[in-house]
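Worksheet: one structure, shown below.
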Amino acid sequence: MNQDTVKKLLQEALDENPSLFLIELAFLASSKIKVVVDGDAGVPLSECIRISRSIESSLDREEEDFSLEVTSPDIAHPFLVLRQYKKNIGRIIKVVTAEDKYEGTLASADEDGIVLTWKAREPKPIGKGKHTVEKTLNLLYSEIKEARVKIIF
């Protein structure tokens, strides 16, 4: 299987819909090709089918047998590219770093990192009791081991 050809065909298919972007392209054992795409407004099944057909129609199964899987990431799939962070601004996410775990609203995302915000109850500086404070945390992508949307039922 010529991987460069598959990459070129995939890019051509993605270029037809600028709201779509590549999350993962994997060439697995037994000539299996796995493609995971996401979109700024989600990915309809029809787009997965279109991308799959676009790639398959240009490859010759007589030359080499292969299987092709084109999917969108599920809600529990961790973020892998910047565009996923940008797509989820305003949502509650869980972030794991080497030192700690955080949960908060994704306030912003740029080329360097993200900003998380959340409310916490802390002791009052003077007197007894607690008060609610707004917390903000800036994280670089290099510090993030895993980030994903928090699933709320």
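Quick note on naming: the chains in the structure tokens go A, B, ... in the order shown, residues restart at 1 in each chain, and ligands are numbered from 1 in order of appearance.
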Could you please write out, as a short mmCIF file (atom, residue, chain, number, x, y, z; two decimals) with N, CA and C atoms, in the first residue's frame, every residue of chain A that DSSP assigns to strand (DSSP E)?
data_model
loop_
_atom_site.label_atom_id
_atom_site.label_comp_id
_atom_site.auth_asym_id
_atom_site.auth_seq_id
_atom_site.Cartn_x
_atom_site.Cartn_y
_atom_site.Cartn_z
N LEU A 20 -13.99 20.23 7.69
CA LEU A 20 -13.46 18.96 8.18
C LEU A 20 -11.95 19.04 8.36
N PHE A 21 -11.44 18.27 9.33
CA PHE A 21 -9.99 18.20 9.53
C PHE A 21 -9.59 16.82 10.01
N LEU A 22 -8.37 16.45 9.74
CA LEU A 22 -7.85 15.13 10.06
C LEU A 22 -7.40 15.06 11.52
N ILE A 23 -7.83 14.02 12.19
CA ILE A 23 -7.39 13.75 13.56
C ILE A 23 -6.32 12.67 13.54
N GLU A 24 -6.58 11.61 12.79
CA GLU A 24 -5.65 10.48 12.80
C GLU A 24 -5.71 9.72 11.47
N LEU A 25 -4.56 9.33 10.99
CA LEU A 25 -4.44 8.45 9.84
C LEU A 25 -3.47 7.36 10.24
N ALA A 26 -3.94 6.13 10.27
CA ALA A 26 -3.09 5.02 10.70
C ALA A 26 -3.11 3.91 9.67
N PHE A 27 -1.94 3.38 9.40
CA PHE A 27 -1.79 2.22 8.53
C PHE A 27 -1.48 1.04 9.44
N LEU A 28 -2.47 0.17 9.62
CA LEU A 28 -2.37 -0.93 10.57
C LEU A 28 -2.01 -2.24 9.88
N LYS A 32 -4.89 -2.58 6.80
CA LYS A 32 -6.04 -1.82 7.27
C LYS A 32 -5.65 -0.35 7.38
N ILE A 33 -6.51 0.52 6.83
CA ILE A 33 -6.30 1.96 6.89
C ILE A 33 -7.40 2.53 7.78
N LYS A 34 -7.00 3.26 8.82
CA LYS A 34 -7.97 3.87 9.72
C LYS A 34 -7.83 5.38 9.62
N VAL A 35 -8.94 6.04 9.33
CA VAL A 35 -8.99 7.49 9.21
C VAL A 35 -10.00 8.03 10.22
N VAL A 36 -9.56 8.99 11.03
CA VAL A 36 -10.46 9.65 11.97
C VAL A 36 -10.48 11.13 11.60
N VAL A 37 -11.68 11.62 11.26
CA VAL A 37 -11.84 13.03 10.89
C VAL A 37 -12.83 13.69 11.83
N ASP A 38 -12.66 14.97 12.03
CA ASP A 38 -13.58 15.75 12.84
C ASP A 38 -13.97 16.97 12.04
N GLY A 39 -14.98 17.67 12.51
CA GLY A 39 -15.44 18.86 11.82
C GLY A 39 -15.78 19.95 12.81
N SER A 67 -8.48 -2.78 3.76
CA SER A 67 -9.75 -2.38 4.36
C SER A 67 -9.60 -0.93 4.79
N LEU A 68 -10.66 -0.18 4.64
CA LEU A 68 -10.64 1.25 4.94
C LEU A 68 -11.75 1.57 5.92
N GLU A 69 -11.39 2.24 7.01
CA GLU A 69 -12.37 2.66 8.01
C GLU A 69 -12.25 4.17 8.17
N VAL A 70 -13.34 4.88 7.88
CA VAL A 70 -13.38 6.33 8.05
C VAL A 70 -14.42 6.63 9.12
N THR A 71 -13.98 7.23 10.23
CA THR A 71 -14.88 7.50 11.34
C THR A 71 -14.66 8.92 11.86
N ILE A 92 -17.05 22.12 29.12
CA ILE A 92 -16.28 21.63 30.26
C ILE A 92 -15.40 20.48 29.79
N ILE A 93 -14.11 20.57 30.09
CA ILE A 93 -13.19 19.52 29.69
C ILE A 93 -12.40 19.02 30.90
N LYS A 94 -11.87 17.82 30.76
CA LYS A 94 -10.97 17.24 31.76
C LYS A 94 -9.58 17.25 31.15
N VAL A 95 -8.60 17.71 31.93
CA VAL A 95 -7.23 17.79 31.46
C VAL A 95 -6.33 17.07 32.46
N VAL A 96 -5.45 16.22 31.94
CA VAL A 96 -4.49 15.51 32.77
C VAL A 96 -3.09 16.01 32.39
N THR A 97 -2.34 16.42 33.42
CA THR A 97 -0.93 16.79 33.23
C THR A 97 -0.09 15.79 34.01
N LYS A 101 -4.69 16.73 37.79
CA LYS A 101 -5.86 16.64 36.91
C LYS A 101 -6.71 17.88 37.15
N TYR A 102 -7.26 18.42 36.07
CA TYR A 102 -8.07 19.63 36.15
C TYR A 102 -9.38 19.39 35.42
N GLU A 103 -10.40 20.12 35.86
CA GLU A 103 -11.68 20.09 35.18
C GLU A 103 -12.21 21.51 35.19
N GLY A 104 -12.54 22.01 34.03
CA GLY A 104 -13.04 23.37 33.95
C GLY A 104 -13.53 23.70 32.56
N THR A 105 -14.00 24.91 32.41
CA THR A 105 -14.49 25.38 31.11
C THR A 105 -13.31 25.82 30.27
N LEU A 106 -13.25 25.33 29.05
CA LEU A 106 -12.20 25.73 28.12
C LEU A 106 -12.51 27.15 27.66
N ALA A 107 -11.76 28.12 28.18
CA ALA A 107 -12.03 29.54 27.89
C ALA A 107 -11.42 29.97 26.57
N SER A 108 -10.22 29.46 26.26
CA SER A 108 -9.58 29.83 25.00
C SER A 108 -8.52 28.80 24.64
N ALA A 109 -8.13 28.82 23.37
CA ALA A 109 -7.08 27.94 22.86
C ALA A 109 -6.37 28.66 21.73
N GLY A 113 -1.19 27.12 23.83
CA GLY A 113 -1.84 26.39 24.90
C GLY A 113 -3.28 26.79 25.09
N ILE A 114 -3.81 26.42 26.26
CA ILE A 114 -5.22 26.66 26.56
C ILE A 114 -5.37 27.42 27.87
N VAL A 115 -6.57 27.96 28.08
CA VAL A 115 -6.93 28.60 29.34
C VAL A 115 -8.18 27.91 29.85
N LEU A 116 -8.09 27.40 31.09
CA LEU A 116 -9.23 26.77 31.77
C LEU A 116 -9.73 27.70 32.87
N THR A 117 -11.04 27.72 33.07
CA THR A 117 -11.62 28.48 34.17
C THR A 117 -12.60 27.58 34.92
N TRP A 118 -12.70 27.79 36.22
CA TRP A 118 -13.66 27.07 37.04
C TRP A 118 -13.87 27.82 38.34
N LYS A 119 -14.93 27.44 39.04
CA LYS A 119 -15.22 28.04 40.35
C LYS A 119 -14.84 27.03 41.43
N ALA A 120 -14.28 27.57 42.53
CA ALA A 120 -13.88 26.73 43.65
C ALA A 120 -14.28 27.39 44.96
N ARG A 121 -14.54 26.58 45.95
CA ARG A 121 -14.85 27.09 47.29
C ARG A 121 -13.56 27.08 48.09
N GLU A 122 -13.21 28.23 48.63
CA GLU A 122 -11.99 28.38 49.41
C GLU A 122 -12.29 29.08 50.73
N PRO A 123 -11.45 28.84 51.74
CA PRO A 123 -11.65 29.53 53.01
C PRO A 123 -11.53 31.05 52.82
N LYS A 130 -16.43 29.77 53.94
CA LYS A 130 -15.82 29.70 52.61
C LYS A 130 -16.54 30.66 51.67
N HIS A 131 -15.84 31.01 50.62
CA HIS A 131 -16.46 31.81 49.57
C HIS A 131 -16.06 31.22 48.22
N THR A 132 -16.83 31.56 47.19
CA THR A 132 -16.57 31.03 45.85
C THR A 132 -15.63 31.97 45.11
N VAL A 133 -14.59 31.39 44.51
CA VAL A 133 -13.65 32.18 43.74
C VAL A 133 -13.54 31.62 42.33
N GLU A 134 -13.25 32.48 41.39
CA GLU A 134 -13.04 32.09 39.99
C GLU A 134 -11.57 31.77 39.82
N LYS A 135 -11.28 30.58 39.35
CA LYS A 135 -9.90 30.14 39.12
C LYS A 135 -9.62 30.14 37.62
N THR A 136 -8.39 30.48 37.26
CA THR A 136 -7.95 30.46 35.87
C THR A 136 -6.60 29.76 35.81
N LEU A 137 -6.44 28.92 34.80
CA LEU A 137 -5.18 28.20 34.64
C LEU A 137 -4.77 28.24 33.18
N ASN A 138 -3.54 28.66 32.93
CA ASN A 138 -2.96 28.62 31.58
C ASN A 138 -2.10 27.37 31.49
N LEU A 139 -2.33 26.56 30.47
CA LEU A 139 -1.56 25.34 30.26
C LEU A 139 -0.98 25.34 28.85
N LEU A 140 0.28 24.99 28.73
CA LEU A 140 0.91 24.79 27.43
C LEU A 140 0.56 23.39 26.94
N ILE A 144 0.22 19.11 28.67
CA ILE A 144 -1.01 18.32 28.66
C ILE A 144 -0.71 16.91 28.18
N LYS A 145 -1.05 15.94 29.03
CA LYS A 145 -0.92 14.54 28.64
C LYS A 145 -2.17 14.08 27.90
N GLU A 146 -3.33 14.54 28.40
CA GLU A 146 -4.60 14.16 27.79
C GLU A 146 -5.66 15.20 28.12
N ALA A 147 -6.51 15.48 27.15
CA ALA A 147 -7.64 16.39 27.36
C ALA A 147 -8.82 15.83 26.58
N ARG A 148 -9.99 15.91 27.22
CA ARG A 148 -11.20 15.43 26.57
C ARG A 148 -12.41 16.15 27.15
N VAL A 149 -13.50 16.11 26.41
CA VAL A 149 -14.74 16.72 26.87
C VAL A 149 -15.29 15.89 28.03
#
Checklist entry - Could you pull out the alpha helix (DSSP H) residues of chain A from DSSP and send them as a ChimeraX atom specification? => result /A:3-15,45-56,82-87
Next on the checklist: So that I can see what lies close to range 13-18 of chain A, please list as a PyMOL selection string the residues with an atom at most 9 Å from it, counting only C-alpha atoms and leaving out residues fewer than 5 positions away in the same chain.
Outcome noted: chain A and resi 8+37+39+47+50-52+54-55
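The gap separating CA of Asn88 in chain A from CA of Asp110 in chain A is 12.3 Å, in Å to one decimal.
The nearest approach to Lys86 in chain A among the residues A:Ser31, A:Glu64, A:Lys128, A:Asp40, with only C-alpha atoms taken into account, belongs to A:Asp40.
Minimum atom-to-atom distance to Pro44 in chain A, evaluated using only C-alpha atoms, belongs to A:Ser72 out of A:Ser30, A:Asn2, A:Ser57, A:Ser72.
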